[in-house]
>>> print(open('data_9.txt').read())   # compact mmCIF, C-alpha atoms and all ligand atoms
# COMPACT_ATOMS: atom_id res chain seq x y z
CA MET A 1 0.53 -65.57 0.84
CA ARG A 2 -2.32 -65.76 -1.72
CA CYS A 3 -5.14 -63.51 -0.54
CA GLY A 4 -8.68 -63.14 -1.85
CA PHE A 5 -10.78 -60.08 -1.01
CA ILE A 6 -14.57 -59.94 -1.36
CA GLY A 7 -15.65 -56.31 -1.01
CA TYR A 8 -13.65 -53.28 -2.08
CA GLY A 9 -15.46 -50.49 -0.24
CA ASN A 10 -13.88 -47.92 2.09
CA MET A 11 -12.32 -50.51 4.36
CA GLY A 12 -11.67 -53.40 1.96
CA GLY A 13 -10.07 -50.91 -0.45
CA ALA A 14 -7.92 -49.30 2.25
CA VAL A 15 -6.65 -52.71 3.41
CA VAL A 16 -5.85 -53.94 -0.12
CA ARG A 17 -4.03 -50.71 -1.07
CA ALA A 18 -2.11 -50.60 2.23
CA LEU A 19 -0.90 -54.22 2.01
CA LEU A 20 0.12 -53.81 -1.63
CA GLY A 21 1.58 -50.34 -1.07
CA ASP A 22 3.91 -51.32 1.77
CA GLY A 23 5.01 -54.53 0.04
CA SER A 24 3.29 -56.88 2.51
CA LEU A 25 1.59 -58.52 -0.49
CA ARG A 26 2.77 -58.81 -4.09
CA GLU A 27 0.26 -57.96 -6.82
CA SER A 28 0.42 -61.55 -8.10
CA GLU A 29 -0.77 -62.80 -4.69
CA VAL A 30 -4.00 -60.78 -4.69
CA ILE A 31 -7.42 -61.41 -6.20
CA VAL A 32 -10.31 -59.00 -5.56
CA TYR A 33 -14.05 -59.17 -6.16
CA ASN A 34 -16.43 -56.25 -5.79
CA ARG A 35 -20.14 -56.29 -6.69
CA THR A 36 -19.79 -52.88 -8.40
CA ALA A 37 -16.93 -53.49 -10.83
CA SER A 38 -16.42 -49.76 -11.59
CA ARG A 39 -15.17 -49.27 -8.02
CA LEU A 40 -12.10 -51.34 -8.97
CA GLU A 41 -10.92 -49.03 -11.79
CA SER A 42 -8.31 -47.18 -9.74
CA LEU A 43 -6.99 -50.50 -8.35
CA ARG A 44 -6.55 -51.75 -11.93
CA THR A 45 -4.61 -48.58 -12.78
CA CYS A 46 -2.34 -48.50 -9.70
CA PHE A 47 -1.77 -52.26 -9.36
CA PRO A 48 -2.29 -53.75 -12.86
CA GLN A 49 -1.09 -57.26 -11.95
CA VAL A 50 -3.81 -57.72 -9.29
CA ARG A 51 -6.44 -60.20 -10.52
CA ILE A 52 -10.02 -58.95 -10.64
CA ALA A 53 -12.45 -61.80 -10.03
CA GLY A 54 -15.69 -62.08 -11.96
CA SER A 55 -17.48 -63.69 -9.03
CA MET A 56 -17.22 -64.17 -5.27
CA ARG A 57 -16.57 -67.87 -5.86
CA GLU A 58 -13.59 -67.08 -8.10
CA ALA A 59 -12.08 -64.79 -5.43
CA ALA A 60 -12.63 -67.47 -2.78
CA SER A 61 -10.93 -70.38 -4.51
CA ASN A 62 -7.21 -71.21 -4.33
CA VAL A 63 -6.26 -68.65 -1.69
CA ASP A 64 -4.49 -69.06 1.64
CA ALA A 65 -6.58 -66.32 3.25
CA LEU A 66 -9.97 -64.98 2.20
CA PHE A 67 -10.99 -61.55 3.50
CA ILE A 68 -14.71 -60.78 3.57
CA CYS A 69 -14.99 -56.98 3.59
CA VAL A 70 -18.70 -56.36 2.95
CA HIS A 71 -21.37 -54.77 5.17
CA THR A 72 -22.21 -56.91 8.20
CA PRO A 73 -25.76 -57.96 7.12
CA VAL A 74 -24.34 -59.19 3.78
CA VAL A 75 -21.81 -61.60 5.35
CA PRO A 76 -24.26 -64.57 5.61
CA GLU A 77 -25.15 -64.10 1.91
CA VAL A 78 -21.46 -64.15 0.96
CA LEU A 79 -20.83 -67.28 3.05
CA SER A 80 -23.69 -69.08 1.36
CA GLU A 81 -22.55 -67.91 -2.12
CA ILE A 82 -18.95 -69.17 -1.67
CA ASP A 83 -19.98 -72.41 0.04
CA GLY A 84 -18.12 -75.30 -1.62
CA SER A 85 -15.61 -73.11 -3.48
CA VAL A 86 -13.28 -72.34 -0.55
CA ALA A 87 -10.27 -74.67 -0.49
CA SER A 88 -9.82 -76.62 2.72
CA GLY A 89 -7.06 -74.91 4.67
CA THR A 90 -8.16 -71.41 3.63
CA HIS A 91 -8.10 -68.98 6.53
CA LEU A 92 -11.36 -67.01 6.52
CA VAL A 93 -11.12 -63.44 7.82
CA THR A 94 -13.98 -61.03 8.46
CA ILE A 95 -13.64 -57.34 9.27
CA ASN A 96 -17.07 -56.87 10.89
CA GLY A 97 -17.40 -56.04 14.56
CA GLY A 98 -21.09 -56.98 14.54
CA ILE A 99 -20.75 -60.67 13.68
CA GLY A 100 -19.17 -63.24 15.99
CA ILE A 101 -16.46 -65.72 15.04
CA ALA A 102 -18.71 -68.56 16.29
CA ASP A 103 -21.48 -67.41 13.90
CA ILE A 104 -19.05 -67.72 10.96
CA GLU A 105 -17.75 -71.06 12.25
CA SER A 106 -21.31 -72.40 12.19
CA SER A 107 -21.27 -72.11 8.39
CA TYR A 108 -17.54 -72.55 7.64
CA ASP A 109 -15.62 -75.56 8.82
CA GLY A 110 -12.08 -74.13 8.67
CA ALA A 111 -10.01 -71.47 10.43
CA VAL A 112 -11.75 -68.14 11.13
CA SER A 113 -10.26 -64.89 12.44
CA LYS A 114 -11.54 -61.40 12.80
CA VAL A 115 -9.43 -58.43 11.77
CA ILE A 116 -10.63 -54.95 12.72
CA PRO A 117 -8.56 -52.45 10.76
CA SER A 118 -8.57 -48.70 11.08
CA ILE A 119 -8.91 -46.36 8.12
CA SER A 120 -5.58 -44.88 9.28
CA ILE A 121 -3.94 -47.99 7.78
CA GLU A 122 -3.83 -45.75 4.69
CA VAL A 123 -1.01 -43.77 6.30
CA GLY A 124 0.63 -46.81 7.93
CA ARG A 125 -0.45 -45.77 11.45
CA GLY A 126 -3.00 -46.92 13.99
CA PHE A 127 -3.90 -50.35 15.32
CA THR A 128 -5.19 -53.42 13.53
CA LEU A 129 -7.05 -55.60 16.04
CA ILE A 130 -7.06 -59.36 15.54
CA SER A 131 -9.00 -62.20 17.23
CA HIS A 132 -8.55 -65.83 16.29
CA GLY A 133 -11.14 -68.60 16.34
CA ARG A 134 -10.48 -72.00 17.86
CA LYS A 135 -9.49 -73.69 14.57
CA VAL A 136 -6.74 -71.21 13.67
CA SER A 137 -3.30 -72.90 13.77
CA GLY A 138 -0.23 -71.17 15.21
CA ALA A 139 1.20 -70.79 11.69
CA GLN A 140 -2.02 -69.22 10.35
CA ALA A 141 -2.19 -66.83 13.32
CA SER A 142 1.43 -65.68 12.83
CA ALA A 143 1.00 -65.30 9.06
CA LEU A 144 -2.07 -63.08 9.53
CA GLU A 145 -0.51 -61.00 12.30
CA SER A 146 2.71 -60.43 10.36
CA LEU A 147 0.74 -59.52 7.22
CA PHE A 148 -0.55 -56.41 9.03
CA SER A 149 2.57 -55.62 11.02
CA ARG A 150 4.05 -53.18 8.48
CA SER A 151 0.89 -51.11 8.17
CA GLY A 152 0.72 -49.84 11.74
CA ARG A 153 0.56 -51.78 15.00
CA VAL A 154 -1.16 -55.10 15.56
CA LYS A 155 -2.94 -56.07 18.76
CA VAL A 156 -4.27 -59.59 19.30
CA LEU A 157 -7.21 -59.70 21.69
CA PRO A 158 -9.82 -62.20 22.83
CA GLU A 159 -13.02 -61.55 20.91
CA GLU A 160 -14.94 -60.36 23.99
CA LYS A 161 -12.49 -57.46 24.38
CA LEU A 162 -12.76 -56.35 20.76
CA GLY A 163 -15.80 -54.08 21.25
CA ILE A 164 -14.30 -51.29 23.27
CA ALA A 165 -10.92 -51.61 21.51
CA THR A 166 -12.78 -51.21 18.20
CA ASP A 167 -14.33 -47.96 19.45
CA LEU A 168 -10.87 -46.66 20.37
CA THR A 169 -8.99 -47.72 17.24
CA SER A 170 -11.35 -48.34 14.35
CA CYS A 171 -14.24 -45.94 15.10
CA GLY A 172 -11.51 -43.73 16.61
CA PRO A 173 -10.52 -41.82 13.45
CA GLY A 174 -14.17 -40.79 13.03
CA PHE A 175 -14.39 -39.64 16.65
CA MET A 176 -11.06 -37.83 16.49
CA ALA A 177 -12.01 -36.06 13.27
CA GLU A 178 -15.20 -34.84 14.99
CA MET A 179 -13.22 -33.73 18.06
CA ILE A 180 -10.81 -31.76 15.88
CA ALA A 181 -13.74 -30.15 14.07
CA GLN A 182 -15.61 -29.16 17.26
CA PHE A 183 -12.42 -27.84 18.88
CA ALA A 184 -11.51 -25.83 15.78
CA LEU A 185 -14.99 -24.50 14.99
CA SER A 186 -15.55 -23.30 18.56
CA GLY A 187 -12.19 -21.58 18.35
CA ALA A 188 -13.07 -19.98 15.02
CA LYS A 189 -16.40 -18.76 16.44
CA ALA A 190 -14.66 -17.28 19.49
CA GLY A 191 -12.03 -15.40 17.49
CA SER A 192 -11.60 -13.85 14.07
CA ILE A 193 -10.28 -16.93 12.30
CA ASP A 194 -12.02 -18.63 9.41
CA ASP A 195 -13.17 -22.26 9.81
CA HIS A 196 -10.69 -23.68 7.33
CA GLU A 197 -7.73 -21.98 8.99
CA ALA A 198 -8.89 -23.15 12.44
CA ILE A 199 -9.23 -26.78 11.28
CA GLU A 200 -5.74 -26.62 9.75
CA MET A 201 -4.28 -25.35 13.03
CA ALA A 202 -6.16 -27.88 15.17
CA THR A 203 -5.22 -30.80 12.89
CA GLU A 204 -1.52 -29.99 12.90
CA THR A 205 -1.64 -29.50 16.67
CA MET A 206 -3.38 -32.87 17.15
CA LEU A 207 -0.73 -34.54 14.96
CA GLY A 208 2.16 -32.92 16.87
CA THR A 209 0.60 -33.84 20.21
CA ALA A 210 0.02 -37.44 19.12
CA LEU A 211 3.64 -37.74 17.94
CA MET A 212 4.90 -36.40 21.28
CA MET A 213 2.81 -39.02 23.11
CA ALA A 214 3.29 -41.95 20.68
CA ASP A 215 5.19 -45.07 21.74
CA GLY A 216 4.97 -44.05 25.41
CA ARG A 217 7.09 -40.90 24.94
CA SER A 218 4.85 -38.86 27.22
CA SER A 219 1.74 -39.50 29.29
CA PRO A 220 -1.29 -37.21 28.74
CA ASP A 221 -0.82 -35.75 32.24
CA ALA A 222 2.90 -35.04 31.76
CA LEU A 223 2.27 -33.30 28.44
CA ALA A 224 -0.66 -31.24 29.77
CA GLU A 225 1.49 -30.20 32.73
CA ARG A 226 4.24 -28.95 30.40
CA VAL A 227 1.72 -26.72 28.59
CA ALA A 228 -0.45 -25.56 31.50
CA THR A 229 1.56 -23.07 33.54
CA LYS A 230 0.19 -22.74 37.10
CA GLY A 231 -2.33 -19.90 37.13
CA GLY A 232 -2.13 -19.53 33.34
CA ILE A 233 -4.63 -19.59 30.46
CA THR A 234 -4.32 -23.29 29.45
CA GLU A 235 -5.10 -24.29 33.03
CA GLN A 236 -8.48 -22.54 32.84
CA GLY A 237 -9.38 -24.38 29.63
CA LEU A 238 -8.26 -27.73 31.08
CA LEU A 239 -10.50 -27.26 34.12
CA VAL A 240 -13.53 -27.01 31.82
CA LEU A 241 -12.49 -30.08 29.79
CA GLU A 242 -11.84 -32.16 32.94
CA ARG A 243 -15.27 -31.22 34.28
CA ASP A 244 -17.34 -31.77 31.12
CA LEU A 245 -15.62 -34.27 28.81
CA PRO A 246 -15.95 -37.46 30.94
CA ARG A 247 -19.76 -37.21 30.76
CA VAL A 248 -19.68 -36.75 26.96
CA PHE A 249 -17.38 -39.73 26.41
CA ASP A 250 -19.31 -41.96 28.83
CA GLN A 251 -22.45 -41.23 26.79
CA MET A 252 -20.64 -41.88 23.53
CA PHE A 253 -19.32 -45.29 24.67
CA GLU A 254 -22.77 -46.18 26.01
CA ALA A 255 -24.29 -45.37 22.59
CA THR A 256 -21.74 -47.55 20.73
CA ARG A 257 -22.21 -50.39 23.24
CA ARG A 258 -25.99 -50.32 22.72
CA LYS A 259 -25.67 -50.26 18.92
CA ARG A 260 -23.13 -53.11 18.91
CA GLY A 261 -25.49 -55.18 21.05
CA SER A 262 -28.44 -54.60 18.70
CA VAL A 263 -26.34 -55.49 15.59
CA ARG A 264 -25.15 -58.69 17.32
CA THR A 265 -28.73 -59.65 18.19
CA ALA A 266 -29.92 -59.00 14.64
CA MET A 267 -27.03 -61.03 13.18
CA ALA A 268 -27.55 -63.94 15.59
CA GLY A 269 -31.20 -63.92 14.42
CA MET A 270 -30.09 -64.06 10.77
CA SER A 271 -27.77 -67.03 11.29
CA ASP A 272 -30.61 -68.93 13.07
CA HIS A 273 -32.72 -68.87 9.91
N1 LIG B 301 -15.01 -47.99 7.51
C1 LIG B 301 -14.29 -48.36 8.56
O1 LIG B 301 -13.49 -47.59 9.14
C2 LIG B 301 -14.38 -49.78 9.08
C3 LIG B 301 -13.47 -50.20 10.04
C4 LIG B 301 -13.50 -51.52 10.48
C5 LIG B 301 -14.46 -52.38 10.01
N2 LIG B 301 -15.36 -51.96 9.10
C6 LIG B 301 -16.37 -52.93 8.62
O2 LIG B 301 -16.31 -53.00 7.23
C7 LIG B 301 -17.63 -53.16 6.70
C8 LIG B 301 -17.67 -52.45 5.38
O3 LIG B 301 -17.50 -51.05 5.66
P1 LIG B 301 -17.01 -50.04 4.57
O4 LIG B 301 -16.70 -48.79 5.30
O5 LIG B 301 -15.97 -50.65 3.68
O6 LIG B 301 -18.38 -49.85 3.75
P2 LIG B 301 -18.58 -49.42 2.22
O7 LIG B 301 -17.53 -48.48 1.78
O8 LIG B 301 -20.00 -49.00 2.09
O9 LIG B 301 -18.38 -50.81 1.42
C9 LIG B 301 -19.28 -51.86 1.56
C10 LIG B 301 -18.81 -53.05 0.74
O10 LIG B 301 -19.83 -54.08 0.84
C11 LIG B 301 -20.25 -54.41 -0.48
N3 LIG B 301 -21.67 -54.80 -0.47
C12 LIG B 301 -22.68 -54.14 0.15
N4 LIG B 301 -23.85 -54.80 -0.08
C13 LIG B 301 -23.55 -55.87 -0.86
C14 LIG B 301 -24.30 -56.95 -1.40
N5 LIG B 301 -25.62 -57.04 -1.17
N6 LIG B 301 -23.65 -57.88 -2.12
C15 LIG B 301 -22.33 -57.80 -2.34
N7 LIG B 301 -21.52 -56.81 -1.84
C16 LIG B 301 -22.14 -55.88 -1.11
C17 LIG B 301 -20.03 -53.14 -1.29
O11 LIG B 301 -20.04 -53.43 -2.65
P3 LIG B 301 -20.47 -52.26 -3.70
O12 LIG B 301 -19.23 -51.43 -3.92
O13 LIG B 301 -20.92 -53.02 -4.89
O14 LIG B 301 -21.58 -51.46 -3.06
C18 LIG B 301 -18.67 -52.72 -0.74
O15 LIG B 301 -17.64 -53.53 -1.28
C19 LIG B 301 -18.59 -52.55 7.74
O16 LIG B 301 -19.75 -53.34 7.85
C20 LIG B 301 -17.80 -52.55 9.02
O17 LIG B 301 -18.30 -53.57 9.86
C21 LIG B 301 -15.34 -50.68 8.60
>>> encode(input="data_9.txt", output="structure tokens")
Amino acid sequence: MRCGFIGYGNMGGAVVRALLGDGSLRESEVIVYNRTASRLESLRTCFPQVRIAGSMREAASNVDALFICVHTPVVPEVLSEIDGSVASGTHLVTINGGIGIADIESSYDGAVSKVIPSISIEVGRGFTLISHGRKVSGAQASALESLFSRSGRVKVLPEEKLGIATDLTSCGPGFMAEMIAQFALSGAKAGSIDDHEAIEMATETMLGTALMMADGRSSPDALAERVATKGGITEQGLLVLERDLPRVFDQMFEATRRKRGSVRTAMAGMSDH
């Protein structure tokens, strides 16, 4: 599957390296454009057969799928720049939560899907969320879904359900990193452990816990019950978390919902002009 990538930032880069690294794409199938060419140096070194495009239009032509991996407000600019150079039949894929498939379809006449990856694709774990637009054929949908199936799990959702799923899976690594940090730093403050040591302990514990729960091995309740002996120390800590965490997470999801809404409104305004 010939794939073009426009944008090689944190996410575009992680996706390209993951798909090449796990053999989902061959180097000869990939062409990448990034505005700042120096950002592509390490790609050149690790995957020398990957083609580096000199322009967005070059990356967009003669590919089966074109991934647009730039900041959300830049997507309309990219669409206007590549207009006329995308082969008919090319499957256009965006990775931005803040721009709707219908907005893209208003300036591109072919198949459009949205792929929301997670930075944890770098370690072959996590979920890649996919939504397909109305012009995506069954064959194009399967090709895109199977492309990501080696680098973690794939979940296909209707676009209107992507928002909250994105918070859980794609913003998730950021939230989990913060949770690990707060958990560890409070622990370090409460005892005589240095911050670095506490973060190391909390991270390994989070990883072990996640592995014990992964693939439906254990529910959160069942695992907590195995750790929290009746009348013991863990039970006291859990009572505090059960009392205070729901309010914190409700506020967090409300903040992301509000921000997503304002980005959507701004983007809808941009595509009207
Ligand atoms: N980070 C995540 O975990 C994540 C997860 C899912 C989706 N996303 C989506 O991915 C998008 C990119 O995020 P990121 O984390 O990859 O950001 P990033 O590391 O800052 O990369 C941004 C990319 O956009 C390009 N770009 C920015 N302005 C441009 C312009 N005016 N013309 C051409 N190219 C331009 C950058 O090129 P230069 O290198 O030249 O600056 C770079 O390739 C976000 O908007 C977000 O919606 C991110």
>>> residues_near_ligand(input="data_9.txt", ligand="ligand LIG 301 (chain B)", cutoff="9 Å", atoms="all atoms listed in the file", output="VMD selection string")
chain A and resid 6 to 14 33 to 40 56 68 to 75 77 to 78 94 to 99 115 to 120 166 169 to 174
>>> write_last_selection(input="data_9.txt", atoms="C-alpha atoms", output="compact mmCIF listing (two decimals), keeping the file's coordinate frame")
# COMPACT_ATOMS: atom_id res chain seq x y z
CA ILE A 6 -14.57 -59.94 -1.36
CA GLY A 7 -15.65 -56.31 -1.01
CA TYR A 8 -13.65 -53.28 -2.08
CA GLY A 9 -15.46 -50.49 -0.24
CA ASN A 10 -13.88 -47.92 2.09
CA MET A 11 -12.32 -50.51 4.36
CA GLY A 12 -11.67 -53.40 1.96
CA GLY A 13 -10.07 -50.91 -0.45
CA ALA A 14 -7.92 -49.30 2.25
CA TYR A 33 -14.05 -59.17 -6.16
CA ASN A 34 -16.43 -56.25 -5.79
CA ARG A 35 -20.14 -56.29 -6.69
CA THR A 36 -19.79 -52.88 -8.40
CA ALA A 37 -16.93 -53.49 -10.83
CA SER A 38 -16.42 -49.76 -11.59
CA ARG A 39 -15.17 -49.27 -8.02
CA LEU A 40 -12.10 -51.34 -8.97
CA MET A 56 -17.22 -64.17 -5.27
CA ILE A 68 -14.71 -60.78 3.57
CA CYS A 69 -14.99 -56.98 3.59
CA VAL A 70 -18.70 -56.36 2.95
CA HIS A 71 -21.37 -54.77 5.17
CA THR A 72 -22.21 -56.91 8.20
CA PRO A 73 -25.76 -57.96 7.12
CA VAL A 74 -24.34 -59.19 3.78
CA VAL A 75 -21.81 -61.60 5.35
CA GLU A 77 -25.15 -64.10 1.91
CA VAL A 78 -21.46 -64.15 0.96
CA THR A 94 -13.98 -61.03 8.46
CA ILE A 95 -13.64 -57.34 9.27
CA ASN A 96 -17.07 -56.87 10.89
CA GLY A 97 -17.40 -56.04 14.56
CA GLY A 98 -21.09 -56.98 14.54
CA ILE A 99 -20.75 -60.67 13.68
CA VAL A 115 -9.43 -58.43 11.77
CA ILE A 116 -10.63 -54.95 12.72
CA PRO A 117 -8.56 -52.45 10.76
CA SER A 118 -8.57 -48.70 11.08
CA ILE A 119 -8.91 -46.36 8.12
CA SER A 120 -5.58 -44.88 9.28
CA THR A 166 -12.78 -51.21 18.20
CA THR A 169 -8.99 -47.72 17.24
CA SER A 170 -11.35 -48.34 14.35
CA CYS A 171 -14.24 -45.94 15.10
CA GLY A 172 -11.51 -43.73 16.61
CA PRO A 173 -10.52 -41.82 13.45
CA GLY A 174 -14.17 -40.79 13.03
>>> atom_distance(input="data_9.txt", atom1="atom CA of A:Ala60", atom2="atom CA of A:Ser85")
6.4 Å
>>> closest_atom_pairs(input="data_9.txt", of="stretch 116-173 of chain A", to="stretch 254-262 of chain A", cutoff="9 Å", atoms="only C-alpha atoms", output="JSON lines")
{"residue": "A:Gly163", "atom": "CA", "partner": "A:Arg257", "partner_atom": "CA", "distance": 7.7}
{"residue": "A:Ile164", "atom": "CA", "partner": "A:Arg257", "partner_atom": "CA", "distance": 8.0}
{"residue": "A:Asp167", "atom": "CA", "partner": "A:Thr256", "partner_atom": "CA", "distance": 7.5}
>>> atom_distance(input="data_9.txt", atom1="atom CA of A:Leu129", atom2="atom CA of A:Lys161")
10.1 Å
>>> residues_around(input="data_9.txt", residues="A:Glu105", least_positions_apart="6", cutoff="12 Å", atoms="only C-alpha atoms", output="PyMOL selection string")
chain A and resi 76+79+91-94+99+111-114+132-136+271
>>> atom_distance(input="data_9.txt", atom1="atom CA of A:Leu20", atom2="atom CA of A:Ser88")
25.3 Å
>>> build_atoms(input="data_9.txt", residues="stretch 48-57 of chain A", atoms="all heavy atoms", output="PDB file, in the coordinates of the input")
ATOM      1  N   PRO A  48      -1.723 -53.039 -11.705  1.00  0.00           N
ATOM      2  CA  PRO A  48      -2.290 -53.750 -12.860  1.00  0.00           C
ATOM      3  C   PRO A  48      -2.177 -55.270 -12.810  1.00  0.00           C
ATOM      4  O   PRO A  48      -2.904 -55.958 -13.516  1.00  0.00           O
ATOM      5  CB  PRO A  48      -1.507 -53.169 -14.047  1.00  0.00           C
ATOM      6  CG  PRO A  48      -0.333 -52.463 -13.472  1.00  0.00           C
ATOM      7  CD  PRO A  48      -0.639 -52.112 -12.069  1.00  0.00           C
ATOM      8  N   GLN A  49      -1.248 -55.787 -11.989  1.00  0.00           N
ATOM      9  CA  GLN A  49      -1.090 -57.260 -11.950  1.00  0.00           C
ATOM     10  C   GLN A  49      -2.077 -57.935 -10.991  1.00  0.00           C
ATOM     11  O   GLN A  49      -2.144 -59.164 -10.917  1.00  0.00           O
ATOM     12  CB  GLN A  49       0.337 -57.645 -11.488  1.00  0.00           C
ATOM     13  CG  GLN A  49       1.463 -57.030 -12.287  1.00  0.00           C
ATOM     14  CD  GLN A  49       1.348 -57.383 -13.756  1.00  0.00           C
ATOM     15  OE1 GLN A  49       1.022 -58.512 -14.119  1.00  0.00           O
ATOM     16  NE2 GLN A  49       1.578 -56.395 -14.608  1.00  0.00           N
ATOM     17  N   VAL A  50      -2.817 -57.128 -10.203  1.00  0.00           N
ATOM     18  CA  VAL A  50      -3.810 -57.720  -9.290  1.00  0.00           C
ATOM     19  C   VAL A  50      -4.928 -58.321 -10.120  1.00  0.00           C
ATOM     20  O   VAL A  50      -5.407 -57.707 -11.074  1.00  0.00           O
ATOM     21  CB  VAL A  50      -4.370 -56.634  -8.333  1.00  0.00           C
ATOM     22  CG1 VAL A  50      -5.618 -57.124  -7.609  1.00  0.00           C
ATOM     23  CG2 VAL A  50      -3.304 -56.231  -7.323  1.00  0.00           C
ATOM     24  N   ARG A  51      -5.349 -59.560  -9.773  1.00  0.00           N
ATOM     25  CA  ARG A  51      -6.440 -60.200 -10.520  1.00  0.00           C
ATOM     26  C   ARG A  51      -7.785 -59.690 -10.036  1.00  0.00           C
ATOM     27  O   ARG A  51      -8.020 -59.574  -8.834  1.00  0.00           O
ATOM     28  CB  ARG A  51      -6.381 -61.721 -10.347  1.00  0.00           C
ATOM     29  CG  ARG A  51      -5.354 -62.366 -11.272  1.00  0.00           C
ATOM     30  CD  ARG A  51      -5.218 -63.841 -10.969  1.00  0.00           C
ATOM     31  NE  ARG A  51      -6.478 -64.554 -11.123  1.00  0.00           N
ATOM     32  CZ  ARG A  51      -6.782 -65.661 -10.447  1.00  0.00           C
ATOM     33  NH1 ARG A  51      -5.944 -66.155  -9.551  1.00  0.00           N
ATOM     34  NH2 ARG A  51      -7.936 -66.282 -10.656  1.00  0.00           N
ATOM     35  N   ILE A  52      -8.647 -59.358 -10.979  1.00  0.00           N
ATOM     36  CA  ILE A  52     -10.020 -58.950 -10.640  1.00  0.00           C
ATOM     37  C   ILE A  52     -10.906 -60.160 -10.912  1.00  0.00           C
ATOM     38  O   ILE A  52     -10.931 -60.679 -12.033  1.00  0.00           O
ATOM     39  CB  ILE A  52     -10.472 -57.757 -11.523  1.00  0.00           C
ATOM     40  CG1 ILE A  52      -9.479 -56.576 -11.441  1.00  0.00           C
ATOM     41  CG2 ILE A  52     -11.889 -57.337 -11.161  1.00  0.00           C
ATOM     42  CD1 ILE A  52      -9.317 -55.935 -10.088  1.00  0.00           C
ATOM     43  N   ALA A  53     -11.607 -60.608  -9.882  1.00  0.00           N
ATOM     44  CA  ALA A  53     -12.450 -61.800 -10.030  1.00  0.00           C
ATOM     45  C   ALA A  53     -13.795 -61.411 -10.615  1.00  0.00           C
ATOM     46  O   ALA A  53     -14.325 -60.336 -10.333  1.00  0.00           O
ATOM     47  CB  ALA A  53     -12.632 -62.467  -8.678  1.00  0.00           C
ATOM     48  N   GLY A  54     -14.364 -62.319 -11.387  1.00  0.00           N
ATOM     49  CA  GLY A  54     -15.690 -62.080 -11.960  1.00  0.00           C
ATOM     50  C   GLY A  54     -16.808 -62.505 -11.031  1.00  0.00           C
ATOM     51  O   GLY A  54     -17.972 -62.208 -11.283  1.00  0.00           O
ATOM     52  N   SER A  55     -16.448 -63.235  -9.964  1.00  0.00           N
ATOM     53  CA  SER A  55     -17.480 -63.690  -9.030  1.00  0.00           C
ATOM     54  C   SER A  55     -16.848 -63.863  -7.646  1.00  0.00           C
ATOM     55  O   SER A  55     -15.624 -63.956  -7.519  1.00  0.00           O
ATOM     56  CB  SER A  55     -18.052 -65.038  -9.472  1.00  0.00           C
ATOM     57  OG  SER A  55     -17.038 -66.025  -9.359  1.00  0.00           O
ATOM     58  N   MET A  56     -17.722 -63.924  -6.625  1.00  0.00           N
ATOM     59  CA  MET A  56     -17.220 -64.170  -5.270  1.00  0.00           C
ATOM     60  C   MET A  56     -16.530 -65.532  -5.216  1.00  0.00           C
ATOM     61  O   MET A  56     -15.505 -65.691  -4.571  1.00  0.00           O
ATOM     62  CB  MET A  56     -18.394 -64.199  -4.277  1.00  0.00           C
ATOM     63  CG  MET A  56     -19.053 -62.866  -4.063  1.00  0.00           C
ATOM     64  SD  MET A  56     -20.269 -63.044  -2.741  1.00  0.00           S
ATOM     65  CE  MET A  56     -21.247 -61.586  -3.021  1.00  0.00           C
ATOM     66  N   ARG A  57     -17.123 -66.511  -5.907  1.00  0.00           N
ATOM     67  CA  ARG A  57     -16.570 -67.870  -5.860  1.00  0.00           C
ATOM     68  C   ARG A  57     -15.159 -67.905  -6.437  1.00  0.00           C
ATOM     69  O   ARG A  57     -14.289 -68.604  -5.940  1.00  0.00           O
ATOM     70  CB  ARG A  57     -17.491 -68.844  -6.599  1.00  0.00           C
ATOM     71  CG  ARG A  57     -18.839 -69.014  -5.917  1.00  0.00           C
ATOM     72  CD  ARG A  57     -19.763 -69.916  -6.727  1.00  0.00           C
ATOM     73  NE  ARG A  57     -19.381 -71.322  -6.664  1.00  0.00           N
ATOM     74  CZ  ARG A  57     -19.708 -72.155  -5.675  1.00  0.00           C
ATOM     75  NH1 ARG A  57     -20.426 -71.718  -4.665  1.00  0.00           N
ATOM     76  NH2 ARG A  57     -19.310 -73.411  -5.704  1.00  0.00           N
TER      77      ARG A  57
END
